[in-house]
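> Okay, here's the structure, questions in a sec.
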Amino acid sequence: MPMPMRTMLLRHLSPASALPNPRRSPASSPQRIPARARPPPLHSARTTALRARRTPMAAGDTGASVSVSAAEAEAESTQAFMPDARAYWVTSDLIAWNVGEQEAASVCLYASRAAEMGLSPSNGGIQGYDSKVELQPESTGLPETVTQKFPFISSYRAFSVPSSVDVASLVKCQLVVASFGADGKHVDVTGLQLPGVLDDMFAYTGPLGAVFSEESVSLHLWAPTAQGVSVCFFDGPAGPVLETVQLDESNGVWSVTGPREWENRYYLYEVDVYHPTKAQVLKCLAGDPYARGLSANGARTWLVDINNETLKPASWDELADEKPKLDSFSDITIYELHIRDFSAHDGTVDSDSRGGFRAFAYQASAGMQHLRKLSDAGLTHVHLLPSFHFAGVDDIKSNWKFVDECELATFPPGSDMQQAAVVAIQEEDPYNWGYNPVLWGVPKGSYASDPDGPSRIIEYRQMVQALNRIGLRVVMDVVYNHLDSSGPCGISSVLDKIVPGYYVRRDTNGQIENSAAMNNTASEHFMVDRLIVDDLLNWAVNYKIDGFRFDLMGHIMKHTMMRAKSALQSLTRDAHGVDGSKIYLYGEGWDFAEVARNQRGINGSQLNMSGTGIGSFNDRIRDAVNGGNPFGNPLQQGFNTGLFLEPNGFYQGNEADTRRSLATYADQIQIGLAGNLRDYVLITHTGEAKEGSEIHTFDGLPVGYTSSPIEIINYVSAHDNETLFDVISVKTPMNLSVDERCRINHLASSMMALSQGIPFFHAGDEILRSKSIDRDSYNSGDWFNKLDFTYETNNWGVGLPPSEKNEDNWPLMKPRLENPSFKPAKGHILASLDSFVDILKIRYSSPLFRLSTASDIKQRVRFHNTGPSSVPGVIVMGIEDARDEKPEVAQLDANFSYVVTVFNVCPHEVSMDIPALASMRLELHPVQVNSSDALVGKSVYEAATGRFTVPRRTVSVFVEPRC
């Protein structure tokens with residue numbers, strides 16, 4: 001997810017410490033849009049001039065203040081205030097507050113429907129309230145049902161609410177609790193957080209959004225704290241109000257039924273609600289959280305029947321029959337792609353379609369031909385970065401600004417002028433990764449030919465259809481862990497206008513948590529959990545999405561992930577037009593900030609997801625292959641980038657230390673190659689036999705944590721942080737040739753492609769993609785994010801990357817970008833693509849590379865060259881199928897009875913004898929025999945001694961054909 005850099009230590013794409021990357025204005029293991037500054041404490045005393053008034057807040061309003069004359073202010077005897085919110089109304093009859101018995105001999109709940117409460121200047125007591133309720137302390141504390149839902153307040157005192165209280169009315173009011181000492185004097189006062197009581201009383205499973213029947217349309221909005229709700233219908237996407245219709249409430253749900261003629265109208269909800277950030281009752285204009293259509297920039301929601309035949313491309317309802325074959329999740333290989341990157345520079349696509357959904361319909365385009373080549377080699381899934389309605393890119397194309405790329409191309413490769421030009425317009429250009437969620441359920445308008453009306457719906461469906469037809473399933477990147485905005489103002493705040501303070505996660509003072517970028521959402525709340533699952537079903541059923549990647553999955557509760565999996569996999573072709581059993585889920589399982597160590601409940605972090613069948617990104621193998629981590633010193637080397645074998649001068653330790661680090665990385669990689677299983681037993685570099693969970697990273701985390709290979713996403717690069725080629729170019733010695741860097745690039749990709757589990761590749765890894773070493777290109781424009789499917793350039797050396805995230809490392813980048821020997825030629829790019837296609841073909845040439853169960857991996861996969869005497873820089877992996885010598889091993893592969901893969905990252909040829917593999921009939925894989933890589937063809941196996949000879953920086957695959 002993209003966002004601004006957060007100010008906490010957490011590891012991007014890993015749960016350990018490291019500075020997150022603010023990307024996109026969102027993050028990756030933690031990173032994104034610039035995290036917004038928190039609002040000032042809700043504690044300041046204010047005069048009654050700021051007393052609550054019913055102030056209308058337009059959808060795009062930035063806020064309005066109410067002025068009161070000095071005489072009026074003087075006449076008031078109270079001080080209005082915006083208290084913090086340190087108390088929790090957790091059930092209809094219980095309030096939790098962290099106050100001691102001495103400071104709270106008695107506690108009272110106060111309410112004001114008009115938000116007119118304030119502090120008396122004479123004694124500091126509460127005045128201006130409509131009702132006062134004395135609460136009774138509960139000596140037994142909070143019940144287990146509450147502490148399970150809110151574990152972080154388990155030590156709070158409990159106070160009971162009398163059964164006579166009309167709770168449903170009170171939650172619509174300004175609320176505070178106040179404590180009084182034994183002497184009866186006021187001691188403390190604070191506001192209340194309401195999600196607990198709202199879930200207890202108003203959890204709802206009925207219809208929400210628009211429901212169409214043959215004769216009518218009904219609208220349903222969950223808003224239990226609202227004092228009134230109306231729907232405003234507009235004359236088109238930009239015209240005036242046509243009419244306003246009031247909704248009726250039943251148990252927190254507001255609804256209205258009207259004629260079918262309402263269909264295709266544009267509308268907004270007008271919600272009268274107390275908003276704690278303003279301490280006022282406001283009229284907030286908000287879109288429909290369950291909208292299925294929008295106007296440009298989400299200014300209005302569009303009342304559309306998503307099942308209308310006019311919104312379906314030809315043969316859309318038959319797409320389930322055209323889905324590419326998928327026998328097992330272990331057969332998946334994922335290619336991560338940004339929609340704009342795919343075609344922004346593709347001259348074979350019509351200029352009006354470049355950068356959007358329609359580009360995928362150009363079956364003969366350079367981009368689609370490239371994807372078809374990968375699909376033919378075995379690639380199964382394209383993961384599309386966020387494509388729902390997000391902030392950060394104007395939907396109206398005529399407002400876009402662009403850099404002059406011809407001019408930028410004339411600047412030196414290490415100049416800061418390119419980035420200055422990009423940054424100058426980056427808030428007005430069409431580029432952003434999209435991790436700034438506004439409304440989850442509607443395609444992004446900037447990717448459509450027309451942001452108003454049906455285009456975005458139809459063209460999104462055409463995109464999915466086009467990818468399916470070339471053999472690729474589609475994964476949608478979903479961002480449920482945070483929102484772009486909160487509060488009562490601005491069009492990009494939606495949920496927090498409707499039920500203020502409910503959808504966002506707040507700290508124990510009532511401030512919104514921003515660790516996920518900003519405005520963290522709280523899936524531990526019933527209706528947030530429900531909205532997430534409902535939205536996933538929308539995309540699966542209405543857009544036939546084949547998988548979902550969860551941004552910062554660790555910030556989502558495990559029960560939400562499990563509900564989502566169950567709901568999606570229950571979909572059937574007969575009932576829903578979708579085979580839900582083929583929908584795969586995975587995400588970023590980083591465990592940090594307020595959710596770390598299950599402080600908010602059992603979360604969707606790496607260790608918690610074992611046994612669920614849901615995948616998580618494997619930062620262990622990433623860091624071991626590359627070296628260090630994305631937040632450490634960029635010169636830290638890893639197994640694949642020269643540690644010990646070809647040092648770059650960064651490490652000052654002795655040779656024994658670096659060799660030990662290399663061997664430790666080898667252990668981590670081997671566990672990753674074995675599906676990162678928690679109980680896979682490996683002979684480590686020390687000679688000890690250890691399970692994956694007993695082997696630890698340098699940060700002390702268990703390396704192995706999965707129960708099944710389908711629970712691991714093995715990767716070495718993603719949209720976050722530098723591209724694979726850029727990482728290699730920084731970490732390897734300055735004098736290394738570009739030919740060798742290309743070999744290292746392929747080695748890293750090969751480790752992922754031939755691992756058990758699910759390989760994941762960032763778009764362009766296979767063609768040496770560069771972003772000119774930009775570590776966070778979420779808002780770096782088309783210039784730094786260029787993908788060239790003509791293979792003329794990999795985009796290296798197009799200027800120093802934007803200063804915001806990179807300037808500290810400019811001195812390291814500049815000499816590399818300016819050195820012409822770092823830049824690959826077209827021949828390098830084509831050779832890299834050929835090698836990548838070969839390695840995909842090898843993965844799909846044998847089911848032994850795609851074992852579907854942990855028991856199969858533990859029975860069949862063995863590593864050689866292990867222990868204290870192992871040859872540094874070489875991993876040897878054997879995978880066994882049924883053979884005469886091992887009749888107890890079942891046959892999976894009709895062609896090969898044994899496969900041996902040798903990864904040699906050394907800068908020289910390696911020969912080693914492996915007696916356990918002697919006397920076999922191994923030969924080089926036929927794909928490599930015919931490879932355009934001259935070196936791999938020199939790989940040799942000698943049966944007499946079990947000797948393998950593998951050229952420098954080469955992965956060689958040997959197979960034993962069946963007779």
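Just so we're on the same page: first chain in the structure tokens is A, next is B, and so on; residues restart at 1 for each chain, and ligands are numbered from 1 in the order they show up.
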Go through region 774-819 of chain A residue by residue and, counting only C-alpha atoms, keep those with an atom at most 8 Å from region 407-429 of chain A; for each kept residue give the shortest atom pair and its distance in Å to one decimal, ordered by chain and increasing number, as CSV.

```
residue,atom,partner,partner_atom,distance
A:Asn779,CA,A:Gln426,CA,6.4
A:Ser780,CA,A:Val422,CA,6.6
A:Gly781,CA,A:Val422,CA,6.5
A:Trp783,CA,A:Val422,CA,7.5
A:Gly797,CA,A:Pro413,CA,4.5
A:Val798,CA,A:Pro413,CA,5.0
A:Gly799,CA,A:Pro413,CA,4.6
A:Leu800,CA,A:Asp416,CA,5.2
A:Pro801,CA,A:Gln419,CA,5.7
A:Pro802,CA,A:Gln419,CA,4.9
A:Ser803,CA,A:Gln419,CA,7.4
A:Met813,CA,A:Gly414,CA,7.8
A:Lys814,CA,A:Gly414,CA,5.0
A:Pro815,CA,A:Gly414,CA,7.3
A:Leu817,CA,A:Gly414,CA,5.3
A:Glu818,CA,A:Gly414,CA,5.2
```
> For N, CA and C atoms, I'd like the residues from the last selection saved as a PDB file, in the first residue's frame.

```pdb
ATOM      1  N   ASN A 779       4.070   7.507  -6.115  1.00  0.00           N
ATOM      2  CA  ASN A 779       3.583   8.753  -6.709  1.00  0.00           C
ATOM      3  C   ASN A 779       4.657   9.356  -7.606  1.00  0.00           C
ATOM      4  N   SER A 780       5.511   8.501  -8.177  1.00  0.00           N
ATOM      5  CA  SER A 780       6.648   8.973  -8.969  1.00  0.00           C
ATOM      6  C   SER A 780       6.345   9.092 -10.446  1.00  0.00           C
ATOM      7  N   GLY A 781       5.086   8.987 -10.803  1.00  0.00           N
ATOM      8  CA  GLY A 781       4.679   9.248 -12.174  1.00  0.00           C
ATOM      9  C   GLY A 781       5.063   8.163 -13.163  1.00  0.00           C
ATOM     10  N   TRP A 783       7.144   8.453 -15.473  1.00  0.00           N
ATOM     11  CA  TRP A 783       8.550   8.545 -15.843  1.00  0.00           C
ATOM     12  C   TRP A 783       9.394   7.502 -15.111  1.00  0.00           C
ATOM     13  N   GLY A 797      18.710   4.595 -15.062  1.00  0.00           N
ATOM     14  CA  GLY A 797      19.419   5.851 -15.296  1.00  0.00           C
ATOM     15  C   GLY A 797      18.561   6.937 -15.908  1.00  0.00           C
ATOM     16  N   VAL A 798      17.322   7.104 -15.392  1.00  0.00           N
ATOM     17  CA  VAL A 798      16.467   8.178 -15.902  1.00  0.00           C
ATOM     18  C   VAL A 798      16.409   9.339 -14.905  1.00  0.00           C
ATOM     19  N   GLY A 799      17.447   9.448 -14.101  1.00  0.00           N
ATOM     20  CA  GLY A 799      17.530  10.544 -13.138  1.00  0.00           C
ATOM     21  C   GLY A 799      17.486  10.042 -11.709  1.00  0.00           C
ATOM     22  N   LEU A 800      17.955  10.877 -10.787  1.00  0.00           N
ATOM     23  CA  LEU A 800      17.824  10.549  -9.372  1.00  0.00           C
ATOM     24  C   LEU A 800      16.342  10.483  -9.003  1.00  0.00           C
ATOM     25  N   PRO A 801      15.935   9.484  -8.251  1.00  0.00           N
ATOM     26  CA  PRO A 801      14.511   9.345  -7.926  1.00  0.00           C
ATOM     27  C   PRO A 801      14.055  10.431  -6.960  1.00  0.00           C
ATOM     28  N   PRO A 802      12.738  10.628  -6.825  1.00  0.00           N
ATOM     29  CA  PRO A 802      12.204  11.719  -6.003  1.00  0.00           C
ATOM     30  C   PRO A 802      12.832  11.799  -4.629  1.00  0.00           C
ATOM     31  N   SER A 803      13.089  13.036  -4.220  1.00  0.00           N
ATOM     32  CA  SER A 803      13.862  13.285  -3.005  1.00  0.00           C
ATOM     33  C   SER A 803      13.153  12.815  -1.742  1.00  0.00           C
ATOM     34  N   MET A 813      23.448   6.517  -5.048  1.00  0.00           N
ATOM     35  CA  MET A 813      22.806   6.246  -6.339  1.00  0.00           C
ATOM     36  C   MET A 813      23.517   6.928  -7.505  1.00  0.00           C
ATOM     37  N   LYS A 814      23.922   8.150  -7.315  1.00  0.00           N
ATOM     38  CA  LYS A 814      24.397   8.976  -8.426  1.00  0.00           C
ATOM     39  C   LYS A 814      25.531   8.330  -9.217  1.00  0.00           C
ATOM     40  N   PRO A 815      26.603   7.848  -8.570  1.00  0.00           N
ATOM     41  CA  PRO A 815      27.679   7.257  -9.384  1.00  0.00           C
ATOM     42  C   PRO A 815      27.242   6.000 -10.125  1.00  0.00           C
ATOM     43  N   LEU A 817      24.031   5.416 -11.296  1.00  0.00           N
ATOM     44  CA  LEU A 817      23.167   5.830 -12.399  1.00  0.00           C
ATOM     45  C   LEU A 817      23.966   6.459 -13.537  1.00  0.00           C
ATOM     46  N   GLU A 818      25.054   7.104 -13.186  1.00  0.00           N
ATOM     47  CA  GLU A 818      25.863   7.785 -14.197  1.00  0.00           C
ATOM     48  C   GLU A 818      26.858   6.867 -14.878  1.00  0.00           C
TER      49      GLU A 818
END
```
> For region 250-253 of chain A, please output as a list in words all residues within 8 Å (counting only C-alpha atoms; exclusion window: fewer than 4 positions along the same chain).
Phe202, His220, Leu221, Trp222, Ala223, Pro224 and Thr225 of chain A
> Could you write out the selected residues, including N, CA and C atoms, as a PDB file, in the first residue's frame?

```pdb
ATOM      1  N   PHE A 202     -26.996  -3.239  17.624  1.00  0.00           N
ATOM      2  CA  PHE A 202     -27.417  -2.945  16.256  1.00  0.00           C
ATOM      3  C   PHE A 202     -26.723  -3.789  15.191  1.00  0.00           C
ATOM      4  N   HIS A 220     -30.996   1.221   1.775  1.00  0.00           N
ATOM      5  CA  HIS A 220     -30.809   0.825   3.170  1.00  0.00           C
ATOM      6  C   HIS A 220     -29.439   1.319   3.636  1.00  0.00           C
ATOM      7  N   LEU A 221     -29.427   2.014   4.753  1.00  0.00           N
ATOM      8  CA  LEU A 221     -28.186   2.570   5.303  1.00  0.00           C
ATOM      9  C   LEU A 221     -28.107   2.266   6.793  1.00  0.00           C
ATOM     10  N   TRP A 222     -27.005   1.669   7.217  1.00  0.00           N
ATOM     11  CA  TRP A 222     -26.793   1.402   8.645  1.00  0.00           C
ATOM     12  C   TRP A 222     -26.199   2.648   9.289  1.00  0.00           C
ATOM     13  N   ALA A 223     -26.940   3.275  10.167  1.00  0.00           N
ATOM     14  CA  ALA A 223     -26.491   4.512  10.810  1.00  0.00           C
ATOM     15  C   ALA A 223     -27.184   4.680  12.161  1.00  0.00           C
ATOM     16  N   PRO A 224     -26.857   3.836  13.132  1.00  0.00           N
ATOM     17  CA  PRO A 224     -27.590   3.854  14.410  1.00  0.00           C
ATOM     18  C   PRO A 224     -27.366   5.107  15.251  1.00  0.00           C
ATOM     19  N   THR A 225     -26.302   5.858  15.005  1.00  0.00           N
ATOM     20  CA  THR A 225     -26.083   7.078  15.782  1.00  0.00           C
ATOM     21  C   THR A 225     -26.685   8.305  15.111  1.00  0.00           C
TER      22      THR A 225
END
```
> As a PyMOL selection string, list the residues of region 177-349 of chain A assigned to strand (DSSP E or B) by DSSP on the backbone atoms of this structure.
chain A and resi 177-180+186-193+209-212+216-222+226-234+241-246+248-250+253-259+266-275+280-286+294+301-302+334-337
> From the list A:His828, A:Arg157, A:Arg862, A:Arg953, which residue is nearest Ala96 (chain A) when using only C-alpha atoms?
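Between A:His828, A:Arg157, A:Arg862, A:Arg953, the residue approaching Ala96 (chain A) most closely is A:Arg157.
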> Need to verify the contact set: region 473-477 of chain A, 8 Å, only C-alpha atoms, exclusion of same-chain residues closer than 2 positions in sequence. Can you return it as a PyMOL selection string?
chain A and resi 323-324+380-387+464+467-468+471+479+545-551
> Which of these residues is nearest to Asp321 (chain A), using only C-alpha atoms: A:Gln465, A:His559, A:Ser869, A:Asp838?
A:Gln465
> Counting only C-alpha atoms, which residue out of A:Gln102, A:Thr277, A:Asn123, A:Gln227 sits closest to Ser179 (chain A)?
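Looking at the shortest contact to Ser179 (chain A), the residue is A:Gln102.
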> Quick one: DSSP alpha helix (DSSP H) residues in region 116-273 of chain A, as a VMD selection string?
chain A and resid 144 to 149 167 to 170 195 to 202
> The selected residues should be written to file as a PDB file, in the first residue's frame (atoms: C-alpha atoms).

```
ATOM      1  CA  GLU A 144     -14.853 -12.570  29.186  1.00  0.00           C
ATOM      2  CA  THR A 145     -17.062 -11.816  26.187  1.00  0.00           C
ATOM      3  CA  VAL A 146     -15.940  -8.184  26.425  1.00  0.00           C
ATOM      4  CA  THR A 147     -12.252  -8.817  27.096  1.00  0.00           C
ATOM      5  CA  GLN A 148     -12.088 -11.177  24.126  1.00  0.00           C
ATOM      6  CA  LYS A 149     -13.468  -8.471  21.871  1.00  0.00           C
ATOM      7  CA  VAL A 167     -29.663   3.201  25.078  1.00  0.00           C
ATOM      8  CA  ALA A 168     -30.820   3.474  21.467  1.00  0.00           C
ATOM      9  CA  SER A 169     -31.644   7.149  22.006  1.00  0.00           C
ATOM     10  CA  LEU A 170     -28.520   7.957  23.993  1.00  0.00           C
ATOM     11  CA  PRO A 195     -18.410   0.428  18.754  1.00  0.00           C
ATOM     12  CA  GLY A 196     -19.028  -2.136  21.501  1.00  0.00           C
ATOM     13  CA  VAL A 197     -22.544  -1.030  22.317  1.00  0.00           C
ATOM     14  CA  LEU A 198     -23.365  -0.488  18.638  1.00  0.00           C
ATOM     15  CA  ASP A 199     -22.326  -4.061  17.868  1.00  0.00           C
ATOM     16  CA  ASP A 200     -24.233  -5.342  20.880  1.00  0.00           C
ATOM     17  CA  MET A 201     -27.483  -3.610  19.986  1.00  0.00           C
ATOM     18  CA  PHE A 202     -27.417  -2.945  16.256  1.00  0.00           C
TER      19      PHE A 202
END
```
> Excluding same-chain residues fewer than 3 positions from Phe896 (chain A), what lies within 8 Å of it counting only C-alpha atoms, as a list of chain:residue names?
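Counting only C-alpha atoms, the residues come to A:Ser846, A:Asp881, A:Asp893, A:Val899, A:Val959, A:Glu960, A:Pro961, A:Arg962.
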> Produce a file of the selected residues containing N, CA and C atoms, as a PDB file, in the first residue's frame.

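Output (out-v3.pdb):
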```pdb
ATOM      1  N   SER A 846       6.826 -30.272 -14.213  1.00  0.00           N
ATOM      2  CA  SER A 846       6.713 -31.365 -13.243  1.00  0.00           C
ATOM      3  C   SER A 846       5.910 -30.930 -12.032  1.00  0.00           C
ATOM      4  N   ASP A 881      10.216 -38.671  -6.596  1.00  0.00           N
ATOM      5  CA  ASP A 881       8.927 -39.252  -6.943  1.00  0.00           C
ATOM      6  C   ASP A 881       9.052 -40.768  -6.814  1.00  0.00           C
ATOM      7  N   ASP A 893       4.557 -37.731 -10.982  1.00  0.00           N
ATOM      8  CA  ASP A 893       5.060 -37.240 -12.262  1.00  0.00           C
ATOM      9  C   ASP A 893       5.209 -38.407 -13.230  1.00  0.00           C
ATOM     10  N   VAL A 899      14.135 -35.112  -9.350  1.00  0.00           N
ATOM     11  CA  VAL A 899      14.584 -33.809  -9.840  1.00  0.00           C
ATOM     12  C   VAL A 899      15.611 -33.264  -8.857  1.00  0.00           C
ATOM     13  N   VAL A 959      17.116 -33.894 -14.181  1.00  0.00           N
ATOM     14  CA  VAL A 959      15.941 -34.741 -14.024  1.00  0.00           C
ATOM     15  C   VAL A 959      16.315 -36.187 -14.341  1.00  0.00           C
ATOM     16  N   GLU A 960      15.614 -37.112 -13.712  1.00  0.00           N
ATOM     17  CA  GLU A 960      15.765 -38.534 -14.014  1.00  0.00           C
ATOM     18  C   GLU A 960      14.521 -38.968 -14.780  1.00  0.00           C
ATOM     19  N   PRO A 961      14.639 -39.121 -16.099  1.00  0.00           N
ATOM     20  CA  PRO A 961      13.466 -39.525 -16.886  1.00  0.00           C
ATOM     21  C   PRO A 961      13.027 -40.942 -16.527  1.00  0.00           C
ATOM     22  N   ARG A 962      11.740 -41.176 -16.637  1.00  0.00           N
ATOM     23  CA  ARG A 962      11.249 -42.532 -16.442  1.00  0.00           C
ATOM     24  C   ARG A 962      11.565 -43.351 -17.693  1.00  0.00           C
TER      25      ARG A 962
END
```
> What's the separation between CA of Gln280 (chain A) and CA of Glu116 (chain A), in Å to one decimal place?
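Calculated distance between CA of Gln280 (chain A) and CA of Glu116 (chain A) is 8.3 Å.
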> Excluding Thr686 (chain A) and its own-chain neighbours fewer than 4 positions away, which residues fall within 10 Å of it when counting only C-alpha atoms? Please give them as a list in words.
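Non-adjacent residues within range: Arg660, Ala663, Thr664, Asp667, Thr866, Gly867, Pro868, Ser869 and Ser870 of chain A.
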> CA of Lys312 (chain A) and CA of Val541 (chain A) are how many Å apart?
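Interatomic distance, CA of Lys312 (chain A) to CA of Val541 (chain A): 12.7 Å.
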> So that each row is one residue of region 612-645 of chain A with an atom at most 10 Å from region 744-751 of chain A, can you give its shortest atom pair and the distance in Å to one decimal, using only C-alpha atoms, rows by chain and rising number, as a tab-separated table?

```
residue	atom	partner	partner_atom	distance
A:Ile621	CA	A:Met751	CA	9.3
A:Arg622	CA	A:Ala748	CA	9.1
A:Val625	CA	A:Ala748	CA	6.9
A:Asn626	CA	A:Ala748	CA	8.2
A:Phe639	CA	A:Ala748	CA	9.6
A:Asn640	CA	A:Ile744	CA	6.6
A:Thr641	CA	A:Ile744	CA	7.1
A:Gly642	CA	A:Ile744	CA	9.4
```
> Report as a list in words all protein, DNA and RNA residues lying within 12 Å of Trp316 (chain A), evaluated on only C-alpha atoms, omitting residues in the same chain fewer than 6 positions from it.
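Neighbouring residues, sequence-local ones excluded: Asn307, Asn308, Glu309, Thr310, Glu322, Lys323, Ile458, Glu459, Tyr460, Arg461, Gln462, Met463, Val464, Gln465, Ala466, Asn468, Arg469, Val541, Asn542, Tyr543, Lys544, Gly577 and Val578 of chain A.
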